[in-house]
Structures are given as structure tokens and as C-alpha cells.
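Source file: start.pdb. Holds: PDB, C-alpha atoms and all ligand atoms.
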ATOM      1  CA  MET B 162     217.016-108.453  39.629
ATOM      2  CA  THR B 163     217.762-110.240  36.378
ATOM      3  CA  LYS B 164     216.151-113.705  36.031
ATOM      4  CA  SER B 165     218.911-116.241  36.720
ATOM      5  CA  THR B 166     218.505-117.760  33.266
ATOM      6  CA  ASP B 167     219.074-114.309  31.750
ATOM      7  CA  ILE B 168     222.363-113.707  33.559
ATOM      8  CA  ARG B 169     225.149-114.223  31.066
ATOM      9  CA  VAL B 170     228.323-112.834  29.568
ATOM     10  CA  ASP B 171     229.208-113.300  25.908
ATOM     11  CA  THR B 172     232.163-112.194  23.839
ATOM     12  CA  TRP B 173     232.590-112.685  20.125
ATOM     13  CA  ASP B 174     236.150-112.424  18.738
ATOM     14  CA  ALA B 175     236.740-109.677  21.268
ATOM     15  CA  GLY B 176     240.094-107.905  21.353
ATOM     16  CA  ILE B 177     241.572-104.919  23.151
ATOM     17  CA  ASP B 178     244.436-102.730  21.954
ATOM     18  CA  PHE B 179     245.998-100.020  24.040
ATOM     19  CA  PRO B 180     247.533 -97.320  21.833
ATOM     20  CA  ILE B 181     250.728 -95.921  23.356
ATOM     21  CA  PHE B 182     251.329 -92.495  21.915
ATOM     22  CA  ASP B 183     254.616 -91.755  23.636
ATOM     23  CA  ALA B 184     256.457 -95.047  22.973
ATOM     24  CA  LYS B 185     259.762 -94.995  21.105
ATOM     25  CA  THR B 186     258.974 -97.020  17.979
ATOM     26  CA  ARG B 187     262.586 -97.310  16.863
ATOM     27  CA  SER B 188     263.820 -99.158  19.948
ATOM     28  CA  LEU B 189     260.639-101.265  20.089
ATOM     29  CA  LYS B 190     261.243-102.659  16.606
ATOM     30  CA  LYS B 191     264.100-104.703  17.972
ATOM     31  CA  ALA B 192     262.030-106.032  20.862
ATOM     32  CA  VAL B 193     261.391-109.748  20.978
ATOM     33  CA  LEU B 194     258.321-111.271  22.538
ATOM     34  CA  GLY B 195     259.098-111.854  26.212
ATOM     35  CA  ALA B 196     257.274-114.282  28.445
ATOM     36  CA  ALA B 197     255.456-111.459  30.209
ATOM     37  CA  GLY B 198     253.209-108.798  28.720
ATOM     38  CA  GLY B 199     250.965-108.496  25.704
ATOM     39  CA  VAL B 200     252.150-108.362  22.109
ATOM     40  CA  ILE B 201     253.606-104.980  21.124
ATOM     41  CA  GLY B 202     252.746-103.978  17.560
ATOM     42  CA  ALA B 203     251.782-100.955  15.487
ATOM     43  CA  ASN B 204     248.417 -99.922  14.046
ATOM     44  CA  ASN B 205     247.703 -98.469  10.598
ATOM     45  CA  SER B 206     248.740 -94.983  11.597
ATOM     46  CA  LYS B 207     252.040 -96.404  12.947
ATOM     47  CA  THR B 208     251.147 -95.752  16.581
ATOM     48  CA  VAL B 209     252.571 -98.360  18.922
ATOM     49  CA  VAL B 210     249.848-100.551  20.378
ATOM     50  CA  VAL B 211     249.846-103.183  23.082
ATOM     51  CA  GLU B 212     247.644-106.022  21.916
ATOM     52  CA  ALA B 213     246.344-106.911  25.352
ATOM     53  CA  LEU B 214     243.563-109.280  24.211
ATOM     54  CA  ARG B 215     242.835-111.150  20.991
ATOM     55  CA  ASP B 216     240.065-113.438  19.666
ATOM     56  CA  ILE B 217     238.240-113.920  22.954
ATOM     57  CA  ASN B 218     235.127-116.062  22.556
ATOM     58  CA  LEU B 219     233.446-116.745  25.864
ATOM     59  CA  HIS B 220     229.882-117.692  26.677
ATOM     60  CA  LEU B 221     229.302-117.765  30.424
ATOM     61  CA  GLU B 222     225.965-118.719  31.926
ATOM     62  CA  HIS B 223     224.511-118.700  35.410
ATOM     63  CA  GLY B 224     226.616-121.077  37.529
ATOM     64  CA  ALA B 225     229.917-120.508  35.671
ATOM     65  CA  ARG B 226     232.922-120.483  38.049
ATOM     66  CA  VAL B 227     235.900-119.560  35.937
ATOM     67  CA  GLY B 228     239.490-118.977  37.071
ATOM     68  CA  LEU B 229     242.073-117.140  34.981
ATOM     69  CA  VAL B 230     245.730-118.179  35.069
ATOM     70  CA  GLY B 231     248.683-116.831  33.116
ATOM     71  CA  HIS B 232     251.965-114.903  33.265
ATOM     72  CA  ASN B 233     252.278-111.279  34.356
ATOM     73  CA  GLY B 234     250.849-109.115  31.628
ATOM     74  CA  ALA B 235     249.095-112.052  29.907
ATOM     75  CA  GLY B 236     245.819-110.119  29.844
ATOM     76  CA  LYS B 237     243.897-111.431  32.854
ATOM     77  CA  SER B 238     243.025-108.055  34.386
ATOM     78  CA  THR B 239     242.169-106.629  30.976
ATOM     79  CA  LEU B 240     239.830-109.571  30.353
ATOM     80  CA  LEU B 241     238.194-109.029  33.749
ATOM     81  CA  ARG B 242     237.647-105.374  32.878
ATOM     82  CA  LEU B 243     236.156-106.320  29.532
ATOM     83  CA  LEU B 244     233.767-108.803  31.186
ATOM     84  CA  ALA B 245     232.838-106.213  33.824
ATOM     85  CA  GLY B 246     231.886-103.766  31.083
ATOM     86  CA  ILE B 247     234.640-101.345  32.150
ATOM     87  CA  TYR B 248     236.515-101.625  28.828
ATOM     88  CA  GLU B 249     234.844-101.707  25.445
ATOM     89  CA  PRO B 250     236.411-104.164  23.022
ATOM     90  CA  THR B 251     238.416-102.490  20.246
ATOM     91  CA  GLN B 252     237.631-105.501  18.038
ATOM     92  CA  GLY B 253     234.665-107.868  18.099
ATOM     93  CA  ALA B 254     231.892-107.573  20.652
ATOM     94  CA  CYS B 255     231.046-108.151  24.305
ATOM     95  CA  ARG B 256     227.616-108.351  25.944
ATOM     96  CA  VAL B 257     227.058-108.454  29.701
ATOM     97  CA  GLN B 258     223.590-109.255  31.079
ATOM     98  CA  GLY B 259     223.249-108.902  34.849
ATOM     99  CA  ARG B 260     224.401-106.694  37.684
ATOM    100  CA  VAL B 261     228.204-106.750  37.889
ATOM    101  CA  ALA B 262     230.168-106.464  41.129
ATOM    102  CA  PRO B 263     233.740-105.700  40.084
ATOM    103  CA  VAL B 264     236.208-106.311  42.910
ATOM    104  CA  PHE B 265     239.586-105.186  41.610
ATOM    105  CA  ASP B 266     240.963-103.391  44.566
ATOM    106  CA  LEU B 267     239.572-103.928  48.021
ATOM    107  CA  GLY B 268     240.128-100.321  49.061
ATOM    108  CA  VAL B 269     238.511 -98.604  46.078
ATOM    109  CA  GLY B 270     235.511 -96.530  47.029
ATOM    110  CA  MET B 271     236.543 -96.196  50.664
ATOM    111  CA  ASP B 272     236.673 -92.655  52.055
ATOM    112  CA  PRO B 273     239.363 -92.009  54.707
ATOM    113  CA  GLU B 274     237.453 -89.109  56.240
ATOM    114  CA  ILE B 275     234.234 -90.919  57.099
ATOM    115  CA  SER B 276     233.635 -93.648  59.681
ATOM    116  CA  GLY B 277     233.873 -97.397  59.178
ATOM    117  CA  TYR B 278     230.090 -97.657  59.457
ATOM    118  CA  GLU B 279     229.573 -95.032  56.753
ATOM    119  CA  ASN B 280     232.170 -96.699  54.564
ATOM    120  CA  ILE B 281     230.281 -99.997  54.766
ATOM    121  CA  VAL B 282     227.279 -98.376  53.110
ATOM    122  CA  ILE B 283     229.257 -96.393  50.524
ATOM    123  CA  ARG B 284     231.477 -99.321  49.501
ATOM    124  CA  GLY B 285     228.446-101.593  49.174
ATOM    125  CA  MET B 286     226.727 -99.054  46.929
ATOM    126  CA  PHE B 287     229.816 -99.013  44.689
ATOM    127  CA  LEU B 288     229.295-102.747  44.312
ATOM    128  CA  GLY B 289     225.723-102.341  43.127
ATOM    129  CA  MET B 290     223.819-102.698  46.416
ATOM    130  CA  SER B 291     221.213-100.242  47.654
ATOM    131  CA  LYS B 292     221.653 -98.142  50.778
ATOM    132  CA  ARG B 293     218.808 -99.961  52.489
ATOM    133  CA  GLU B 294     220.326-103.385  51.698
ATOM    134  CA  MET B 295     223.668-102.276  53.130
ATOM    135  CA  LEU B 296     222.114-100.859  56.299
ATOM    136  CA  LYS B 297     220.524-104.279  56.879
ATOM    137  CA  LYS B 298     223.927-105.945  56.531
ATOM    138  CA  THR B 299     225.863-103.513  58.712
ATOM    139  CA  ASP B 300     225.638-105.508  61.966
ATOM    140  CA  GLU B 301     226.935-108.738  60.515
ATOM    141  CA  ILE B 302     229.744-106.938  58.687
ATOM    142  CA  ALA B 303     230.689-105.182  61.944
ATOM    143  CA  GLU B 304     230.738-108.504  63.760
ATOM    144  CA  PHE B 305     232.826-110.185  61.074
ATOM    145  CA  SER B 306     235.392-107.372  60.955
ATOM    146  CA  GLU B 307     235.957-107.486  64.745
ATOM    147  CA  LEU B 308     236.706-103.754  64.651
ATOM    148  CA  GLY B 309     234.441-102.868  67.583
ATOM    149  CA  ASP B 310     234.318 -99.166  68.451
ATOM    150  CA  TYR B 311     236.775 -98.371  65.686
ATOM    151  CA  LEU B 312     233.809 -98.512  63.314
ATOM    152  CA  ASN B 313     232.764 -95.117  64.666
ATOM    153  CA  MET B 314     236.203 -93.665  63.915
ATOM    154  CA  PRO B 315     237.316 -92.215  60.570
ATOM    155  CA  LEU B 316     238.920 -94.791  58.285
ATOM    156  CA  ARG B 317     242.209 -92.839  58.207
ATOM    157  CA  THR B 318     242.854 -93.990  61.782
ATOM    158  CA  TYR B 319     242.871 -97.672  60.703
ATOM    159  CA  SER B 320     245.933 -99.811  60.005
ATOM    160  CA  THR B 321     246.240-101.491  56.587
ATOM    161  CA  GLY B 322     245.069-104.811  57.989
ATOM    162  CA  MET B 323     242.078-103.167  59.676
ATOM    163  CA  ARG B 324     241.040-101.588  56.384
ATOM    164  CA  VAL B 325     241.300-104.946  54.642
ATOM    165  CA  ARG B 326     239.114-106.518  57.336
ATOM    166  CA  LEU B 327     236.426-103.924  56.753
ATOM    167  CA  ALA B 328     236.662-104.112  52.960
ATOM    168  CA  LEU B 329     236.556-107.913  53.011
ATOM    169  CA  GLY B 330     233.522-107.788  55.278
ATOM    170  CA  VAL B 331     231.700-105.549  52.812
ATOM    171  CA  VAL B 332     232.798-107.333  49.648
ATOM    172  CA  THR B 333     231.775-110.738  51.012
ATOM    173  CA  SER B 334     228.369-109.437  52.148
ATOM    174  CA  ILE B 335     226.999-108.489  48.742
ATOM    175  CA  ASP B 336     224.652-110.459  46.459
ATOM    176  CA  PRO B 337     226.153-110.159  42.974
ATOM    177  CA  GLU B 338     224.733-111.519  39.751
ATOM    178  CA  ILE B 339     228.153-111.395  38.092
ATOM    179  CA  LEU B 340     231.165-111.368  40.410
ATOM    180  CA  ILE B 341     234.467-110.273  38.887
ATOM    181  CA  LEU B 342     237.344-110.825  41.307
ATOM    182  CA  ASP B 343     240.935-109.810  40.834
ATOM    183  CA  GLU B 344     243.381-111.150  43.384
ATOM    184  CA  GLY B 345     245.086-109.039  45.962
ATOM    185  CA  ILE B 346     242.935-110.258  48.783
ATOM    186  CA  GLY B 347     245.469-111.218  51.367
ATOM    187  CA  ALA B 348     247.012-108.561  53.626
ATOM    188  CA  VAL B 349     245.404-109.922  56.768
ATOM    189  CA  ASP B 350     246.554-112.355  59.402
ATOM    190  CA  ALA B 351     246.147-116.064  58.737
ATOM    191  CA  GLU B 352     243.441-116.632  61.329
ATOM    192  CA  PHE B 353     241.273-113.869  59.880
ATOM    193  CA  MET B 354     241.893-115.059  56.330
ATOM    194  CA  LYS B 355     240.484-118.463  57.278
ATOM    195  CA  LYS B 356     237.283-116.769  58.394
ATOM    196  CA  ALA B 357     237.252-114.631  55.253
ATOM    197  CA  ARG B 358     237.620-117.665  52.982
ATOM    198  CA  THR B 359     234.510-119.278  54.397
ATOM    199  CA  ARG B 360     232.607-116.062  53.634
ATOM    200  CA  LEU B 361     234.205-115.810  50.222
ATOM    201  CA  GLN B 362     233.041-119.328  49.413
ATOM    202  CA  ALA B 363     229.504-118.468  50.496
ATOM    203  CA  LEU B 364     229.654-115.301  48.375
ATOM    204  CA  VAL B 365     230.651-117.312  45.326
ATOM    205  CA  GLU B 366     227.871-119.833  45.974
ATOM    206  CA  ARG B 367     225.219-117.101  45.853
ATOM    207  CA  SER B 368     226.760-115.336  42.827
ATOM    208  CA  GLY B 369     225.360-116.059  39.380
ATOM    209  CA  ILE B 370     228.675-116.000  37.531
ATOM    210  CA  LEU B 371     232.210-115.832  38.933
ATOM    211  CA  VAL B 372     235.347-114.903  37.025
ATOM    212  CA  PHE B 373     238.443-114.853  39.227
ATOM    213  CA  ALA B 374     242.049-114.075  38.291
ATOM    214  CA  SER B 375     244.656-115.348  40.707
ATOM    215  CA  HIS B 376     248.208-116.607  40.989
ATOM    216  CA  SER B 377     247.144-118.814  43.905
ATOM    217  CA  ASN B 378     246.225-122.290  42.708
ATOM    218  CA  GLU B 379     244.826-123.147  46.095
ATOM    219  CA  PHE B 380     242.464-120.207  45.972
ATOM    220  CA  LEU B 381     241.460-120.952  42.385
ATOM    221  CA  ALA B 382     240.712-124.581  43.217
ATOM    222  CA  GLN B 383     238.579-123.510  46.159
ATOM    223  CA  LEU B 384     236.404-121.142  44.184
ATOM    224  CA  CYS B 385     236.410-122.286  40.537
ATOM    225  CA  ASP B 386     235.698-125.460  38.609
ATOM    226  CA  ARG B 387     236.894-124.270  35.225
ATOM    227  CA  ALA B 388     240.021-122.372  34.216
ATOM    228  CA  LEU B 389     241.264-120.392  31.256
ATOM    229  CA  TRP B 390     244.978-120.126  30.593
ATOM    230  CA  ILE B 391     245.563-116.658  29.162
ATOM    231  CA  ASP B 392     248.794-116.320  27.194
ATOM    232  CA  HIS B 393     249.850-113.180  25.309
ATOM    233  CA  GLY B 394     246.259-111.988  25.221
ATOM    234  CA  LYS B 395     244.710-115.217  23.913
ATOM    235  CA  VAL B 396     242.937-118.153  25.500
ATOM    236  CA  ARG B 397     245.585-120.862  25.245
ATOM    237  CA  MET B 398     243.575-123.481  27.092
ATOM    238  CA  ASP B 399     240.058-123.834  28.496
ATOM    239  CA  GLY B 400     239.237-126.779  30.744
ATOM    240  CA  GLY B 401     238.923-128.220  34.236
ATOM    241  CA  ILE B 402     240.931-126.420  36.881
ATOM    242  CA  GLU B 403     243.322-129.320  37.555
ATOM    243  CA  GLU B 404     243.965-129.920  33.869
ATOM    244  CA  VAL B 405     244.663-126.256  33.075
ATOM    245  CA  VAL B 406     246.843-125.587  36.124
ATOM    246  CA  GLY B 407     248.782-128.781  35.309
ATOM    247  CA  ALA B 408     249.415-127.661  31.738
ATOM    248  CA  TYR B 409     250.372-124.147  32.807
ATOM    249  CA  GLU B 410     252.522-124.944  35.830
ATOM    250  CA  GLY B 411     253.290-128.665  35.765
ATOM    251  CA  PRO B 412     252.323-131.854  37.624
ATOM    252  CA  GLU B 413     253.329-130.577  41.070
ATOM    253  CA  ALA B 414     250.821-127.715  40.814
ATOM    254  CA  ALA B 415     248.143-130.088  39.508
ATOM    255  CA  ARG B 416     248.764-132.323  42.510
ATOM    256  CA  SER B 417     248.234-129.439  44.925
ATOM    257  CA  VAL B 418     244.966-128.569  43.142
ATOM    258  CA  ARG B 419     243.876-132.195  43.474
ATOM    259  CA  LYS B 420     244.608-132.065  47.199
ATOM    260  CA  VAL B 421     242.502-128.906  47.671
ATOM    261  CA  LEU B 422     239.637-130.530  45.752
ATOM    262  CA  ALA B 423     239.913-133.716  47.845
ATOM    263  CA  ASP B 424     239.920-131.660  51.079
ATOM    264  CA  LEU B 425     236.829-129.766  49.914
ATOM    265  CA  GLU B 426     235.060-133.063  49.188
ATOM    266  CA  ALA B 427     236.052-134.398  52.613
ATOM    267  CA  ASP B 428     234.718-131.212  54.283
ATOM    268  CA  LYS B 429     231.382-131.666  52.497
ATOM    269  CA  ALA B 430     231.023-135.311  53.580
TER     270      ALA B 430
HETATM  271  N1  LIG D 501     246.105 -99.039  30.632
HETATM  272  C1  LIG D 501     246.995 -99.694  29.902
HETATM  273  N2  LIG D 501     247.737 -99.059  28.954
HETATM  274  C2  LIG D 501     248.607 -99.719  28.193
HETATM  275  N3  LIG D 501     248.876-101.029  28.291
HETATM  276  C3  LIG D 501     248.188-101.720  29.212
HETATM  277  C4  LIG D 501     247.216-101.110  30.070
HETATM  278  N4  LIG D 501     246.706-102.061  30.891
HETATM  279  C5  LIG D 501     247.319-103.205  30.569
HETATM  280  N5  LIG D 501     248.205-103.019  29.543
HETATM  281  C6  LIG D 501     249.036-104.039  28.902
HETATM  282  O1  LIG D 501     248.179-105.094  28.523
HETATM  283  C7  LIG D 501     248.801-106.341  28.751
HETATM  284  C8  LIG D 501     247.925-107.167  29.650
HETATM  285  O2  LIG D 501     247.941-106.616  30.981
HETATM  286  P1  LIG D 501     247.044-107.172  32.160
HETATM  287  O3  LIG D 501     247.126-106.194  33.296
HETATM  288  O4  LIG D 501     245.711-107.518  31.649
HETATM  289  O5  LIG D 501     247.838-108.502  32.554
HETATM  290  P2  LIG D 501     247.625-109.544  33.747
HETATM  291  O6  LIG D 501     247.535-110.900  33.135
HETATM  292  O7  LIG D 501     246.505-109.112  34.605
HETATM  293  O8  LIG D 501     249.004-109.422  34.533
HETATM  294  P3  LIG D 501     249.398-109.605  36.095
HETATM  295  O9  LIG D 501     249.349-111.065  36.407
HETATM  296  O10 LIG D 501     250.796-109.074  36.103
HETATM  297  O11 LIG D 501     248.455-108.758  36.896
HETATM  298  C9  LIG D 501     250.205-106.048  29.300
HETATM  299  O12 LIG D 501     251.111-106.125  28.205
HETATM  300  C10 LIG D 501     250.100-104.638  29.820
HETATM  301  O13 LIG D 501     251.349-103.983  29.621
END

Output the file's structure as C-alpha cells, nothing else.
Amino acid sequence: MTKSTDIRVDTWDAGIDFPIFDAKTRSLKKAVLGAAGGVIGANNSKTVVVEALRDINLHLEHGARVGLVGHNGAGKSTLLRLLAGIYEPTQGACRVQGRVAPVFDLGVGMDPEISGYENIVIRGMFLGMSKREMLKKTDEIAEFSELGDYLNMPLRTYSTGMRVRLALGVVTSIDPEILILDEGIGAVDAEFMKKARTRLQALVERSGILVFASHSNEFLAQLCDRALWIDHGKVRMDGGIEEVVGAYEGPEAARSVRKVLADLEADKA
């Protein structure tokens, strides 16, 4: 375990370019910058590059709860991958101190041929937990998932929703120092999602650092207190969640964030 004061993520003028070797340069020259996607340019050797991230300076300490908002292709997932240590910056630098649990796709690391019980352990180990820790958590994950005897059956016999239940049970059981969450948590029935949200909130509370990309303002307001607006690979705005969502999406969206925050306060009281 890293001491909580040592858990941190720093980037200094970090940028990421994706070289695209098979792009047709000629037709791209005429392209104008659309609302979606990173900037398309060319490097010194005239290869087309997508400038997915530029000039990212972030200094996140224990307790940071940061949401990412922005258009499709703005760079949110790329930033999450940079902060998770999955991508190296192609410019500047990035330093991650602490054990990272990257949750990009709920189903990643699940094996269709082994049982639900076995998958609980394997998936947890992918997220940085030990086998022994996962075995201790198996009963409560089984209870949460409500999958009963299915947990002894191979995963390939599960429906999509059943798989999500299991994956959500595992993901929300871990004890991460740095939790990197991409959205896409949602293919379950409303009643179950309510139960999952309570667990997700508890997960965030015991995480050192959270960075969460989502198009759901309600979800962002529930889990984060700060937001970054990512636009064409840059941080366009950094501030309180209500302020940033309001600037990005307008007063109606800010109002709905305010309502979620007020409901959370009322629940606490
Ligand atoms: N592996 C890759 N190769 C080339 N370009 C990529 C790659 N991954 C992302 N990009 C480009 O980088 C830019 C940022 O993409 P990214 O997936 O980070 O956006 P995003 O904000 O997460 O979008 P969304 O909300 O649609 O998920 C886009 O222009 C995308 O086309």
C-alpha cells in the first residue's frame, strides 16, 4: 500500500499524438475542424497525426474527485489512459504514484469458459487485488449480483445483463488507490442500478483519487466535486462540477446538477 499522502498523479505539459500511417493526406488537407474529434495535423515526416491531447497540466492528490466532460473525441478516454499509465505521453511528462484500477470496460478480463465464481477472482486480480483478497470478497459479491447458482455455471451461459451484474459486483468491491472510470456502466435494469450506485458511491469514498469520464451529468454530480471540460484535446475549463457543466451544456444542465447535489445533501441530513 502507498501512504495516502504519497498517492498522486501529475502531468507536465503532457500531450499525445496518434500517428496514422494509412490516412489520405490529400483529402485531409481540406478538412475543417469539426466539433467532434481531436485536431488532425501532420508531423515533421509528413505523417498524419491525430493530436488527441495537448498541454495537460494536472496535479491530483489523495481525495481528488474529478469528472471529465466534453464532446465525442475530445480526448477524455485518452486522458484517462494517460493517467492510468496505459499510454505514455508523446510530449511532456506524466507520473502516477499509487495502485491504479482502470475500469474502461466492465467485461474486460472476464473469461467465458470459467464459472462466475472463478471470474470474480480473475477480474479482481486484473484490477490490482490479490487472489486472497478476492476470495474474502466472493460471498458479498455473490450476494450483490443475485445470480445464485448461476455463479457455478460458465460465464458464456449468462445474459448481457447478468454479466454486467457480476462485473459491477467485482468492480465495486475493490479497494483502489487511484480509480480511473470510463462510462459505459449501465446495461442493467433500473432497480439493480440503484443498488449498484450505492456501492459505486462507497467505492469512490474509499478510493484515493477518482477520475471519471461520463456524458451523464447526474452521475458526475453524484461522484465528483470537480470537473474538467476537455475540448479538442485541451483543458478548456477546470472548476466546480456545476460551474463546468453549466459552461459546457448550459443553465438547464447546471440546474440538474444542482438538484442532484441538493438531493445528496438531503440524504446525508
Ligand atoms: N488508438 C487511436 N488511434 C488513433 N486515433 C485515436 C485513437 N484513440 C483515440 N484517437 C483519437 O483521439 C481523439 C480523442 O479520442 P478519445 O477517445 O480520447 O475521445 P473521448 O473524449 O473519449 O470521446 P467519446 O466521448 O466519444 O468517448 C479522437 O480524435 C480520436 O479519433

What are the closest atom pairs, with distances in Å to one decimal, for all residues of range 363-384 of chain B lying within 9 Å of range 312-333 of chain B? Consider only C-alpha atoms, order rows by chain and residue number, and present the result as a tab-separated table.
residue	atom	partner	partner_atom	distance
B:Ala363	CA	B:Thr333	CA	8.1
B:Leu364	CA	B:Thr333	CA	5.7
B:Val365	CA	B:Thr333	CA	8.8

Which residues sit within 9 Å of ligand LIG 501 (chain D), counting only C-alpha atoms and all ligand atoms, listed as number ranges by chain?
B: 177-181, 197-201, 210-214, 229-242, 343-344, 374-376, 391-394

I want to know what sits within 9 Å of Leu371 in chain B, based on all atoms listed in the file, with residues of the same chain fewer than 6 positions away left out; could you give that as a ChimeraX atom specification?
/B:223-228,338-342,365,384-385

Please return as a PDB file with C-alpha atoms, in the frame of the given file every residue within 12 Å of (236.8, -110.4, 67.2), taking into account all atoms listed in the file and the file's own coordinates.
ATOM      1  CA  ILE B 302     229.744-106.938  58.687  1.00  0.00           C
ATOM      2  CA  ALA B 303     230.689-105.182  61.944  1.00  0.00           C
ATOM      3  CA  GLU B 304     230.738-108.504  63.760  1.00  0.00           C
ATOM      4  CA  PHE B 305     232.826-110.185  61.074  1.00  0.00           C
ATOM      5  CA  SER B 306     235.392-107.372  60.955  1.00  0.00           C
ATOM      6  CA  GLU B 307     235.957-107.486  64.745  1.00  0.00           C
ATOM      7  CA  LEU B 308     236.706-103.754  64.651  1.00  0.00           C
ATOM      8  CA  GLY B 309     234.441-102.868  67.583  1.00  0.00           C
ATOM      9  CA  ASP B 310     234.318 -99.166  68.451  1.00  0.00           C
ATOM     10  CA  MET B 323     242.078-103.167  59.676  1.00  0.00           C
ATOM     11  CA  ARG B 326     239.114-106.518  57.336  1.00  0.00           C
ATOM     12  CA  GLU B 352     243.441-116.632  61.329  1.00  0.00           C
ATOM     13  CA  PHE B 353     241.273-113.869  59.880  1.00  0.00           C
ATOM     14  CA  LYS B 356     237.283-116.769  58.394  1.00  0.00           C
TER      15      LYS B 356
END

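If all atoms listed in the file are the atoms counted, then among B:Gly407, B:Gly401, B:Pro412, B:Gly176 the closest residue to Ala254 in chain B is B:Gly176.
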
Given the PyMOL selection byres (((chain B and resi 277-286) around 7) and not hetatm) and the file above, list the residues it selects as a list of chain:residue names.
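Applied to this file, the PyMOL selection byres (((chain B and resi 277-286) around 7) and not hetatm) returns B:Gly270, B:Met271, B:Asp272, B:Ile275, B:Ser276, B:Phe287, B:Leu288, B:Gly289, B:Met290, B:Ser291, B:Lys292, B:Met295, B:Leu296, B:Thr299, B:Leu312, B:Asn313, B:Met314, B:Pro315, B:Leu316, B:Val331.
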
Decode the PyMOL selection byres (((chain B and resi 415-425) around 7) and not hetatm) for the given file into explicit residues and return them as a PDB file with C-alpha atoms, in the frame of the given file.
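The resulting file, out_7.pdb, is reproduced below:
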ATOM      1  CA  ASN B 378     246.225-122.290  42.708  1.00  0.00           C
ATOM      2  CA  GLU B 379     244.826-123.147  46.095  1.00  0.00           C
ATOM      3  CA  ALA B 382     240.712-124.581  43.217  1.00  0.00           C
ATOM      4  CA  GLN B 383     238.579-123.510  46.159  1.00  0.00           C
ATOM      5  CA  GLU B 403     243.322-129.320  37.555  1.00  0.00           C
ATOM      6  CA  VAL B 406     246.843-125.587  36.124  1.00  0.00           C
ATOM      7  CA  GLY B 407     248.782-128.781  35.309  1.00  0.00           C
ATOM      8  CA  GLY B 411     253.290-128.665  35.765  1.00  0.00           C
ATOM      9  CA  PRO B 412     252.323-131.854  37.624  1.00  0.00           C
ATOM     10  CA  GLU B 413     253.329-130.577  41.070  1.00  0.00           C
ATOM     11  CA  ALA B 414     250.821-127.715  40.814  1.00  0.00           C
ATOM     12  CA  GLU B 426     235.060-133.063  49.188  1.00  0.00           C
ATOM     13  CA  ALA B 427     236.052-134.398  52.613  1.00  0.00           C
ATOM     14  CA  ASP B 428     234.718-131.212  54.283  1.00  0.00           C
ATOM     15  CA  LYS B 429     231.382-131.666  52.497  1.00  0.00           C
TER      16      LYS B 429
END

Axis-aligned box for all listed atoms of range 221-235 of chain B, 4 Å per side, centre and edges in Å to one decimal, as JSON:
{"center_x": 238.4, "center_y": -115.1, "center_z": 34.0, "size_x": 35.8, "size_y": 20.0, "size_z": 16.1}

Determine the residue set returned by the PyMOL selection byres (((chain B and resi 175) around 6) and not hetatm) for the present structure, and present it as JSON, numbers by chain.
{"B": [172, 173, 174, 176, 216, 217, 250, 252, 253, 254]}

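In this model, the gap between CA of Arg358 in chain B and CA of Ser377 in chain B comes to 13.2 Å.
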